[in-house]
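Structure first, commentary second.
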Amino acid sequence: MERTRVAIVGGGPAGYVAARRLGQLGVEAVLVERGELGGTCLNEGCIPTKALYAATSPLGHREAFARMGISLSPQVDAARLRTWLSEVVGALRGGVGKLLAQAGVDVVSGEATLVGPGRLRVRAPTGEEGIAADAVVLATGSTPIELPGLPFDGERVWSSTDALLLPRVPDRLLVIGGGVIGLELGTVYRRLGSAVVVVELLDRLLPGVGVSRRGEALLRRALAAQGIELRLGARAEGLTADGVKIRTANGTEEVPADAILVAVGRRPNVDGLGVEAVGARVERGFVVTDDGFAAAPGLYAIGDVRGGWMLAHKASHEGLLVAERIAAPSAPPAGEAAPVIPQAIFTQPEVALVGVPIDEATAQGLRVGRFPLAALGRAWAQGEIGGHVQVAADAAGKVVGAEFVGPHASDLVAEATLAIQAGLTVRALAETVHAHPTFPEGLWEAALALLGRPLHSG
């Protein structure tokens, strides 16, 4: 049986970051991964989705360019697009392997199960082996949820993983789920030429994310303008010969589709881990931990398997923290504030938010400043004026929340995240000179509006 100081189960953004950091700190670590290094994010999630979003971006901006007098007639070579996507993922995956090797991390291929405190059984195609460790970190991620009556088959009914393989560009794509994954992939396939219908059980898009009603309505109008049909308040009830039967307040009907993408969320990969063998608890599918990621003596859980926002950057941050706590268990707490976790949704327009949701801030009586991109010079210069920036402050004037809808929202949210994490005030944002003409000026303008000093808006 191999002996090591720390064994990490799962090589995604939580697990490989924890392993890399442990190696940097001089702690012997073994990482067990049953699939490819990089996990869901790198291989079948964040990276391929955003690569496709970037690759299809010109297709989504043809109307804006046409207004500028520039006509685009792009031709999509799906085979070459698949190859390029594979090259991107392969290069990054290789980079992860190199980082782990540089840190002295031993990578073991196989599926791990806890068989006792600090003991793992690893099954691999070549056989079975045991690993004993002083500490075990579970970072097994999550997997797409199937719906009853709509099992994934990779042909007609797709998971997000299937959709990212670009098996084909269907004439009619039905997306079940109006959340982040469904809308991002729906945007990509609409750009590629599919007629896209999104079916969402609730009466709004991005449920549970925290986007304001104002922001959600703006996104809804933008998606409709792109030709994406939205069917809200509709339940998918099963396959039909030509599509899917859905139920609405008006009864049932059939929505025809050549492919169905089921994107109703993800569930943590807990099955088969054997957490009960070491006294850990699983609630609502997640491994229960304390604030220090401990699930049982010598056992830790991080990332999607632990719960909370299923975001790669959250998982990576937890990987860093758990590595440092394992490396120096007797060190006093650093005293840093809890991390502020931003969210970014790659639709057209992009949506990003951080901190207290804007509608919640308004309900609490907090001050909110708004600035429409229709009043921003850079937005006009780029031909994309649909969107806004909203920022919220507490009674002391500190930034507590922000929302961005528009071009580059996924990048713009970083400044607001830093402001909240550092406890900066809205006045500090307003007093910071922002380059002109740029999209970050929108946050500056929103800060001015909150302070009662609007510059380019009423």
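Scheme for the structure tokens: letters A, B, ... for chains in order shown; per-chain residue numbers from 1; ligand numbers from 1 in order shown.
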
Expected answer as a PyMOL selection string: strand (DSSP E) residues in range 252-285 of chain A: chain A and resi 252-256+259-262+266-268+282-283

Take the residues from that selection and write them out as a PDB file, in the first residue's frame, keeping C-alpha atoms.
```pdb
ATOM      1  CA  THR A 252     -50.012  20.423 -22.960  1.00  0.00           C
ATOM      2  CA  GLU A 253     -48.408  20.754 -26.360  1.00  0.00           C
ATOM      3  CA  GLU A 254     -45.576  19.307 -28.385  1.00  0.00           C
ATOM      4  CA  VAL A 255     -42.450  21.314 -29.161  1.00  0.00           C
ATOM      5  CA  PRO A 256     -40.694  19.800 -32.185  1.00  0.00           C
ATOM      6  CA  ALA A 259     -32.029  17.471 -30.523  1.00  0.00           C
ATOM      7  CA  ILE A 260     -32.894  18.095 -26.888  1.00  0.00           C
ATOM      8  CA  LEU A 261     -30.356  19.580 -24.489  1.00  0.00           C
ATOM      9  CA  VAL A 262     -31.254  18.900 -20.856  1.00  0.00           C
ATOM     10  CA  ARG A 266     -25.740  19.365 -11.754  1.00  0.00           C
ATOM     11  CA  ARG A 267     -25.432  16.959  -8.844  1.00  0.00           C
ATOM     12  CA  PRO A 268     -22.305  16.265  -6.769  1.00  0.00           C
ATOM     13  CA  VAL A 282     -24.115  13.503   3.184  1.00  0.00           C
ATOM     14  CA  GLU A 283     -27.089  15.868   3.134  1.00  0.00           C
TER      15      GLU A 283
END
```

Skip Gly292 in chain A itself and residues of its chain fewer than 6 positions away, then list as a compact mmCIF listing (two decimals) with N, CA and C atoms, in the first residue's frame all residues within 12 Å of it, counting only C-alpha atoms.
```txt
# COMPACT_ATOMS: atom_id res chain seq x y z
N VAL A 137 -8.50 14.50 0.72
CA VAL A 137 -9.31 15.62 0.25
C VAL A 137 -10.19 15.13 -0.88
N GLY A 298 -9.44 13.96 9.55
CA GLY A 298 -8.54 13.60 8.46
C GLY A 298 -9.18 13.60 7.09
N LEU A 299 -10.45 14.02 6.98
CA LEU A 299 -11.14 14.03 5.69
C LEU A 299 -11.68 15.43 5.40
N TYR A 300 -11.41 15.91 4.19
CA TYR A 300 -11.85 17.23 3.77
C TYR A 300 -12.62 17.12 2.46
N ALA A 301 -13.50 18.09 2.20
CA ALA A 301 -14.24 18.14 0.94
C ALA A 301 -14.24 19.58 0.44
N ILE A 302 -14.00 19.74 -0.86
CA ILE A 302 -13.95 21.07 -1.46
C ILE A 302 -14.63 21.05 -2.82
N ARG A 306 -18.92 19.77 -2.08
CA ARG A 306 -19.18 20.36 -0.77
C ARG A 306 -20.44 21.22 -0.76
N GLU A 318 -11.01 27.32 -2.81
CA GLU A 318 -11.08 26.37 -1.71
C GLU A 318 -9.89 25.41 -1.74
N GLY A 319 -9.43 25.06 -2.96
CA GLY A 319 -8.26 24.21 -3.07
C GLY A 319 -7.03 24.85 -2.46
N LEU A 320 -6.85 26.12 -2.69
CA LEU A 320 -5.73 26.84 -2.08
C LEU A 320 -5.84 26.86 -0.56
N LEU A 321 -7.04 27.19 -0.08
CA LEU A 321 -7.23 27.32 1.37
C LEU A 321 -7.03 25.99 2.09
N VAL A 322 -7.59 24.90 1.54
CA VAL A 322 -7.47 23.62 2.25
C VAL A 322 -6.03 23.13 2.25
N ALA A 323 -5.30 23.41 1.17
CA ALA A 323 -3.89 23.00 1.11
C ALA A 323 -3.10 23.71 2.20
N GLU A 324 -3.33 24.99 2.36
CA GLU A 324 -2.57 25.75 3.34
C GLU A 324 -2.95 25.37 4.76
N ARG A 325 -4.19 24.99 4.97
CA ARG A 325 -4.61 24.55 6.32
C ARG A 325 -4.03 23.19 6.65
N ILE A 326 -3.96 22.31 5.67
CA ILE A 326 -3.38 20.98 5.92
C ILE A 326 -1.87 21.11 6.15
N PRO A 329 -1.49 23.08 10.09
CA PRO A 329 -2.73 22.96 10.88
C PRO A 329 -2.71 23.75 12.17
N PRO A 333 -5.47 31.45 12.53
CA PRO A 333 -6.24 31.92 11.39
C PRO A 333 -5.67 33.21 10.84
N ALA A 338 -14.19 36.60 4.51
CA ALA A 338 -14.68 35.51 3.66
C ALA A 338 -14.58 35.93 2.20
```

Go through A:Ala402, A:Leu185, A:Val196, A:Ala361 and flag the residue nearest Tyr53 in chain A, using only C-alpha atoms for the distances.
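The shortest atom-to-atom distance to Tyr53 in chain A comes from A:Leu185.
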
Legend entry - Spatial neighbours of Leu205 in chain A, max dist 8 Å, only C-alpha atoms, sep filter under 6 positions, as a ChimeraX atom specification: /A:178-179,216,220,232

Applying 9 Å and only C-alpha atoms, which residues near Pro13 in chain A remain after dropping the ones on its own chain fewer than 6 positions away? List them as a PyMOL selection string. chain A and resi 38-42+139+141+303+312-317+319

What would the file look like if the residues just selected were written as an mmCIF file, in the first residue's frame with all heavy atoms?
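Result file follows (again-v4.cif):
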```
data_model
loop_
_atom_site.group_PDB
_atom_site.id
_atom_site.type_symbol
_atom_site.label_atom_id
_atom_site.label_comp_id
_atom_site.auth_asym_id
_atom_site.auth_seq_id
_atom_site.Cartn_x
_atom_site.Cartn_y
_atom_site.Cartn_z
ATOM 1 N N GLY A 38 -7.959 18.204 -15.033
ATOM 2 C CA GLY A 38 -8.685 19.428 -15.348
ATOM 3 C C GLY A 38 -10.157 19.344 -15.015
ATOM 4 O O GLY A 38 -10.832 20.366 -14.906
ATOM 5 N N GLY A 39 -10.668 18.114 -14.862
ATOM 6 C CA GLY A 39 -12.055 17.940 -14.445
ATOM 7 C C GLY A 39 -13.071 18.467 -15.436
ATOM 8 O O GLY A 39 -12.772 18.720 -16.614
ATOM 9 N N THR A 40 -14.291 18.647 -14.951
ATOM 10 C CA THR A 40 -15.388 19.111 -15.800
ATOM 11 C C THR A 40 -15.084 20.466 -16.408
ATOM 12 O O THR A 40 -15.302 20.691 -17.601
ATOM 13 C CB THR A 40 -16.694 19.180 -14.989
ATOM 14 O OG1 THR A 40 -17.066 17.862 -14.588
ATOM 15 C CG2 THR A 40 -17.820 19.787 -15.813
ATOM 16 N N CYS A 41 -14.575 21.393 -15.618
ATOM 17 C CA CYS A 41 -14.358 22.759 -16.084
ATOM 18 C C CYS A 41 -13.508 22.788 -17.346
ATOM 19 O O CYS A 41 -13.873 23.393 -18.347
ATOM 20 C CB CYS A 41 -13.696 23.585 -14.982
ATOM 21 S SG CYS A 41 -13.245 25.246 -15.529
ATOM 22 N N LEU A 42 -12.384 22.134 -17.303
ATOM 23 C CA LEU A 42 -11.455 22.179 -18.422
ATOM 24 C C LEU A 42 -11.910 21.311 -19.592
ATOM 25 O O LEU A 42 -11.817 21.710 -20.755
ATOM 26 C CB LEU A 42 -10.061 21.746 -17.954
ATOM 27 C CG LEU A 42 -8.981 21.570 -19.025
ATOM 28 C CD1 LEU A 42 -8.879 22.786 -19.915
ATOM 29 C CD2 LEU A 42 -7.646 21.271 -18.364
ATOM 30 N N ALA A 139 -12.494 15.983 -3.909
ATOM 31 C CA ALA A 139 -12.730 17.070 -4.861
ATOM 32 C C ALA A 139 -13.271 16.462 -6.151
ATOM 33 O O ALA A 139 -12.722 16.650 -7.231
ATOM 34 C CB ALA A 139 -11.443 17.843 -5.116
ATOM 35 N N GLY A 141 -16.153 16.856 -7.783
ATOM 36 C CA GLY A 141 -16.949 17.627 -8.718
ATOM 37 C C GLY A 141 -18.400 17.205 -8.816
ATOM 38 O O GLY A 141 -18.983 16.667 -7.877
ATOM 39 N N GLY A 303 -14.996 22.227 -3.308
ATOM 40 C CA GLY A 303 -15.584 22.344 -4.629
ATOM 41 C C GLY A 303 -17.041 21.931 -4.670
ATOM 42 O O GLY A 303 -17.767 22.006 -3.677
ATOM 43 N N ALA A 312 -16.050 27.122 -10.857
ATOM 44 C CA ALA A 312 -14.652 26.681 -10.867
ATOM 45 C C ALA A 312 -13.762 27.585 -10.026
ATOM 46 O O ALA A 312 -12.853 27.111 -9.329
ATOM 47 C CB ALA A 312 -14.137 26.617 -12.308
ATOM 48 N N HIS A 313 -14.001 28.905 -10.081
ATOM 49 C CA HIS A 313 -13.119 29.803 -9.336
ATOM 50 C C HIS A 313 -13.330 29.672 -7.831
ATOM 51 O O HIS A 313 -12.391 29.838 -7.053
ATOM 52 C CB HIS A 313 -13.280 31.258 -9.790
ATOM 53 C CG HIS A 313 -14.681 31.720 -9.975
ATOM 54 N ND1 HIS A 313 -15.431 31.416 -11.091
ATOM 55 C CD2 HIS A 313 -15.482 32.499 -9.202
ATOM 56 C CE1 HIS A 313 -16.622 31.980 -10.990
ATOM 57 N NE2 HIS A 313 -16.680 32.641 -9.846
ATOM 58 N N LYS A 314 -14.565 29.351 -7.422
ATOM 59 C CA LYS A 314 -14.788 29.069 -5.998
ATOM 60 C C LYS A 314 -14.043 27.800 -5.605
ATOM 61 O O LYS A 314 -13.399 27.735 -4.550
ATOM 62 C CB LYS A 314 -16.279 28.908 -5.726
ATOM 63 C CG LYS A 314 -16.617 28.289 -4.358
ATOM 64 C CD LYS A 314 -18.091 28.023 -4.239
ATOM 65 C CE LYS A 314 -18.427 27.137 -3.053
ATOM 66 N NZ LYS A 314 -18.011 25.732 -3.243
ATOM 67 N N ALA A 315 -14.134 26.766 -6.453
ATOM 68 C CA ALA A 315 -13.467 25.496 -6.169
ATOM 69 C C ALA A 315 -11.956 25.676 -6.066
ATOM 70 O O ALA A 315 -11.311 25.133 -5.161
ATOM 71 C CB ALA A 315 -13.806 24.483 -7.263
ATOM 72 N N SER A 316 -11.381 26.442 -6.975
ATOM 73 C CA SER A 316 -9.940 26.670 -6.947
ATOM 74 C C SER A 316 -9.512 27.396 -5.681
ATOM 75 O O SER A 316 -8.484 27.072 -5.075
ATOM 76 C CB SER A 316 -9.511 27.477 -8.182
ATOM 77 O OG SER A 316 -9.704 26.735 -9.366
ATOM 78 N N HIS A 317 -10.302 28.389 -5.289
ATOM 79 C CA HIS A 317 -9.977 29.125 -4.068
ATOM 80 C C HIS A 317 -10.012 28.202 -2.858
ATOM 81 O O HIS A 317 -9.132 28.273 -1.981
ATOM 82 C CB HIS A 317 -10.958 30.283 -3.883
ATOM 83 C CG HIS A 317 -10.572 31.224 -2.790
ATOM 84 N ND1 HIS A 317 -9.569 32.153 -2.920
ATOM 85 C CD2 HIS A 317 -11.052 31.359 -1.522
ATOM 86 C CE1 HIS A 317 -9.441 32.825 -1.783
ATOM 87 N NE2 HIS A 317 -10.331 32.374 -0.924
ATOM 88 N N GLY A 319 -9.430 25.061 -2.958
ATOM 89 C CA GLY A 319 -8.256 24.208 -3.075
ATOM 90 C C GLY A 319 -7.030 24.847 -2.456
ATOM 91 O O GLY A 319 -6.248 24.186 -1.752
#
```

Helix (DSSP H, G or I) call set, DSSP backbone run, range 100-208 of chain A, as a CSV table (one decimal) with N, CA, C and O atoms, in the first residue's frame:
```csv
chain,number,residue,atom,x,y,z
A,100,LEU,N,1.6,19.9,-12.1
A,100,LEU,CA,1.6,18.9,-11.0
A,100,LEU,C,2.9,18.3,-10.9
A,100,LEU,O,3.5,18.0,-9.8
A,101,ALA,N,3.5,18.0,-12.1
A,101,ALA,CA,4.8,17.3,-12.1
A,101,ALA,C,5.9,18.2,-11.5
A,101,ALA,O,6.7,17.8,-10.7
A,102,GLN,N,5.8,19.5,-11.8
A,102,GLN,CA,6.8,20.5,-11.2
A,102,GLN,C,6.7,20.6,-9.7
A,102,GLN,O,7.7,20.8,-9.0
A,160,SER,N,-24.9,18.6,-21.3
A,160,SER,CA,-24.0,19.6,-21.7
A,160,SER,C,-22.7,19.1,-22.2
A,160,SER,O,-22.1,19.6,-23.1
A,161,THR,N,-22.3,17.9,-21.7
A,161,THR,CA,-21.1,17.3,-22.2
A,161,THR,C,-21.3,16.9,-23.6
A,161,THR,O,-20.4,17.1,-24.5
A,162,ASP,N,-22.4,16.3,-24.0
A,162,ASP,CA,-22.7,15.9,-25.3
A,162,ASP,C,-22.7,17.1,-26.3
A,162,ASP,O,-22.1,17.1,-27.4
A,163,ALA,N,-23.4,18.2,-25.8
A,163,ALA,CA,-23.5,19.4,-26.7
A,163,ALA,C,-22.1,20.0,-27.0
A,163,ALA,O,-21.9,20.5,-28.1
A,164,LEU,N,-21.2,19.9,-26.0
A,164,LEU,CA,-19.9,20.5,-26.2
A,164,LEU,C,-19.0,19.7,-27.2
A,164,LEU,O,-18.0,20.2,-27.6
A,180,VAL,N,-27.8,29.0,-16.4
A,180,VAL,CA,-26.6,29.4,-17.0
A,180,VAL,C,-26.2,28.5,-18.1
A,180,VAL,O,-25.9,29.0,-19.3
A,181,ILE,N,-26.1,27.2,-17.9
A,181,ILE,CA,-25.6,26.3,-18.9
A,181,ILE,C,-26.5,26.3,-20.1
A,181,ILE,O,-26.1,26.3,-21.3
A,182,GLY,N,-27.8,26.2,-19.9
A,182,GLY,CA,-28.8,26.2,-21.0
A,182,GLY,C,-28.7,27.4,-21.9
A,182,GLY,O,-28.7,27.3,-23.1
A,183,LEU,N,-28.6,28.6,-21.3
A,183,LEU,CA,-28.6,29.8,-22.0
A,183,LEU,C,-27.3,30.0,-22.7
A,183,LEU,O,-27.2,30.5,-23.9
A,184,GLU,N,-26.2,29.6,-22.1
A,184,GLU,CA,-24.9,29.7,-22.8
A,184,GLU,C,-24.8,28.8,-24.0
A,184,GLU,O,-24.4,29.3,-25.1
A,185,LEU,N,-25.2,27.6,-23.9
A,185,LEU,CA,-25.1,26.7,-25.0
A,185,LEU,C,-26.2,27.0,-26.0
A,185,LEU,O,-26.0,26.8,-27.2
A,186,GLY,N,-27.3,27.5,-25.6
A,186,GLY,CA,-28.4,27.9,-26.5
A,186,GLY,C,-27.9,29.0,-27.4
A,186,GLY,O,-28.1,29.1,-28.6
A,187,THR,N,-27.1,30.0,-26.8
A,187,THR,CA,-26.6,31.1,-27.5
A,187,THR,C,-25.6,30.6,-28.6
A,187,THR,O,-25.6,31.1,-29.7
A,188,VAL,N,-24.7,29.7,-28.2
A,188,VAL,CA,-23.7,29.2,-29.2
A,188,VAL,C,-24.4,28.5,-30.3
A,188,VAL,O,-24.1,28.8,-31.5
A,189,TYR,N,-25.4,27.6,-30.0
A,189,TYR,CA,-26.0,26.9,-31.1
A,189,TYR,C,-26.9,27.8,-32.0
A,189,TYR,O,-27.1,27.6,-33.2
A,190,ARG,N,-27.5,28.8,-31.4
A,190,ARG,CA,-28.2,29.8,-32.2
A,190,ARG,C,-27.3,30.5,-33.2
A,190,ARG,O,-27.6,30.7,-34.4
A,191,ARG,N,-26.1,30.8,-32.7
A,191,ARG,CA,-25.1,31.5,-33.6
A,191,ARG,C,-24.7,30.6,-34.7
A,191,ARG,O,-24.5,31.0,-35.9
A,192,LEU,N,-24.7,29.3,-34.4
A,192,LEU,CA,-24.3,28.3,-35.4
A,192,LEU,C,-25.4,28.0,-36.4
A,192,LEU,O,-25.1,27.3,-37.4
```

Expressed in Å, the length from CA of Val197 in chain A to CA of Leu230 in chain A is 5.9 Å

Atom pair CA of Leu138 in chain A + CA of Val9 in chain A, distance 5.0 Å

Can you pull out the residues contacting range 148-150 of chain A? Cut-off 12 Å, using only C-alpha atoms, and skip same-chain residues under 2 positions away; I want them as a PyMOL selection string.
chain A and resi 145-146+152-159+176+235-240+243-245+259-264

Selected residues written out with N, CA, C and O atoms, as a short mmCIF file (atom, residue, chain, number, x, y, z; two decimals), in the first residue's frame:
```cif
data_model
loop_
_atom_site.label_atom_id
_atom_site.label_comp_id
_atom_site.auth_asym_id
_atom_site.auth_seq_id
_atom_site.Cartn_x
_atom_site.Cartn_y
_atom_site.Cartn_z
N ILE A 145 -27.55 16.59 -14.36
CA ILE A 145 -28.75 15.91 -13.86
C ILE A 145 -29.61 15.46 -15.04
O ILE A 145 -29.87 16.24 -15.97
N GLU A 146 -30.06 14.21 -14.99
CA GLU A 146 -31.01 13.70 -15.97
C GLU A 146 -32.43 13.96 -15.50
O GLU A 146 -32.69 14.05 -14.30
N PHE A 152 -30.18 10.74 -21.06
CA PHE A 152 -29.14 11.12 -22.02
C PHE A 152 -28.79 9.93 -22.91
O PHE A 152 -28.55 8.83 -22.42
N ASP A 153 -28.74 10.16 -24.21
CA ASP A 153 -28.28 9.11 -25.11
C ASP A 153 -27.19 9.62 -26.07
O ASP A 153 -26.65 8.85 -26.86
N GLY A 154 -26.89 10.91 -26.00
CA GLY A 154 -25.84 11.47 -26.83
C GLY A 154 -26.23 11.66 -28.28
O GLY A 154 -25.47 12.25 -29.06
N GLU A 155 -27.40 11.20 -28.66
CA GLU A 155 -27.87 11.32 -30.04
C GLU A 155 -29.02 12.31 -30.13
O GLU A 155 -28.90 13.37 -30.73
N ARG A 156 -30.11 11.94 -29.48
CA ARG A 156 -31.28 12.81 -29.51
C ARG A 156 -31.38 13.67 -28.25
O ARG A 156 -31.76 14.84 -28.32
N VAL A 157 -31.06 13.08 -27.11
CA VAL A 157 -31.11 13.82 -25.83
C VAL A 157 -29.68 14.03 -25.35
O VAL A 157 -28.95 13.07 -25.09
N TRP A 158 -29.29 15.30 -25.25
CA TRP A 158 -27.92 15.66 -24.90
C TRP A 158 -27.81 16.14 -23.47
O TRP A 158 -28.70 16.82 -22.94
N SER A 159 -26.68 15.83 -22.86
CA SER A 159 -26.23 16.55 -21.67
C SER A 159 -25.37 17.71 -22.16
O SER A 159 -25.06 17.82 -23.36
N ILE A 176 -33.87 22.44 -22.42
CA ILE A 176 -34.70 22.34 -21.22
C ILE A 176 -33.88 22.89 -20.05
O ILE A 176 -32.90 22.29 -19.62
N ARG A 235 -43.22 23.06 -18.23
CA ARG A 235 -42.58 21.86 -17.72
C ARG A 235 -42.44 20.82 -18.85
O ARG A 235 -43.41 20.51 -19.54
N ALA A 236 -41.24 20.30 -19.02
CA ALA A 236 -41.01 19.23 -19.98
C ALA A 236 -41.47 17.92 -19.36
O ALA A 236 -41.08 17.56 -18.25
N GLU A 237 -42.32 17.19 -20.09
CA GLU A 237 -42.92 15.98 -19.52
C GLU A 237 -42.49 14.69 -20.21
O GLU A 237 -42.85 13.61 -19.75
N GLY A 238 -41.74 14.77 -21.27
CA GLY A 238 -41.28 13.54 -21.90
C GLY A 238 -41.14 13.66 -23.40
O GLY A 238 -41.60 14.64 -24.02
N LEU A 239 -40.48 12.67 -23.98
CA LEU A 239 -40.25 12.66 -25.42
C LEU A 239 -41.51 12.32 -26.18
O LEU A 239 -42.38 11.57 -25.71
N THR A 240 -41.58 12.87 -27.38
CA THR A 240 -42.61 12.49 -28.34
C THR A 240 -41.89 12.04 -29.61
O THR A 240 -40.66 12.08 -29.69
N GLY A 243 -40.42 15.45 -30.85
CA GLY A 243 -39.85 16.44 -29.96
C GLY A 243 -40.11 16.14 -28.51
O GLY A 243 -39.87 15.02 -28.04
N VAL A 244 -40.66 17.12 -27.80
CA VAL A 244 -40.91 16.99 -26.36
C VAL A 244 -42.29 17.54 -26.03
O VAL A 244 -42.70 18.57 -26.56
N LYS A 245 -42.99 16.83 -25.16
CA LYS A 245 -44.28 17.32 -24.66
C LYS A 245 -44.03 18.25 -23.49
O LYS A 245 -43.29 17.90 -22.57
N ALA A 259 -32.89 17.82 -31.66
CA ALA A 259 -32.03 17.47 -30.52
C ALA A 259 -32.55 18.18 -29.30
O ALA A 259 -33.09 19.30 -29.39
N ILE A 260 -32.42 17.54 -28.16
CA ILE A 260 -32.89 18.10 -26.89
C ILE A 260 -31.71 18.18 -25.94
O ILE A 260 -31.07 17.16 -25.65
N LEU A 261 -31.41 19.38 -25.48
CA LEU A 261 -30.36 19.58 -24.49
C LEU A 261 -31.00 19.74 -23.12
O LEU A 261 -31.75 20.69 -22.89
N VAL A 262 -30.73 18.81 -22.22
CA VAL A 262 -31.25 18.90 -20.86
C VAL A 262 -30.20 19.58 -19.99
O VAL A 262 -29.11 19.04 -19.78
N ALA A 263 -30.52 20.77 -19.51
CA ALA A 263 -29.57 21.56 -18.72
C ALA A 263 -30.30 22.11 -17.50
O ALA A 263 -30.55 23.32 -17.38
N VAL A 264 -30.66 21.21 -16.58
CA VAL A 264 -31.45 21.59 -15.41
C VAL A 264 -30.62 21.59 -14.13
O VAL A 264 -31.17 21.63 -13.04
#
```
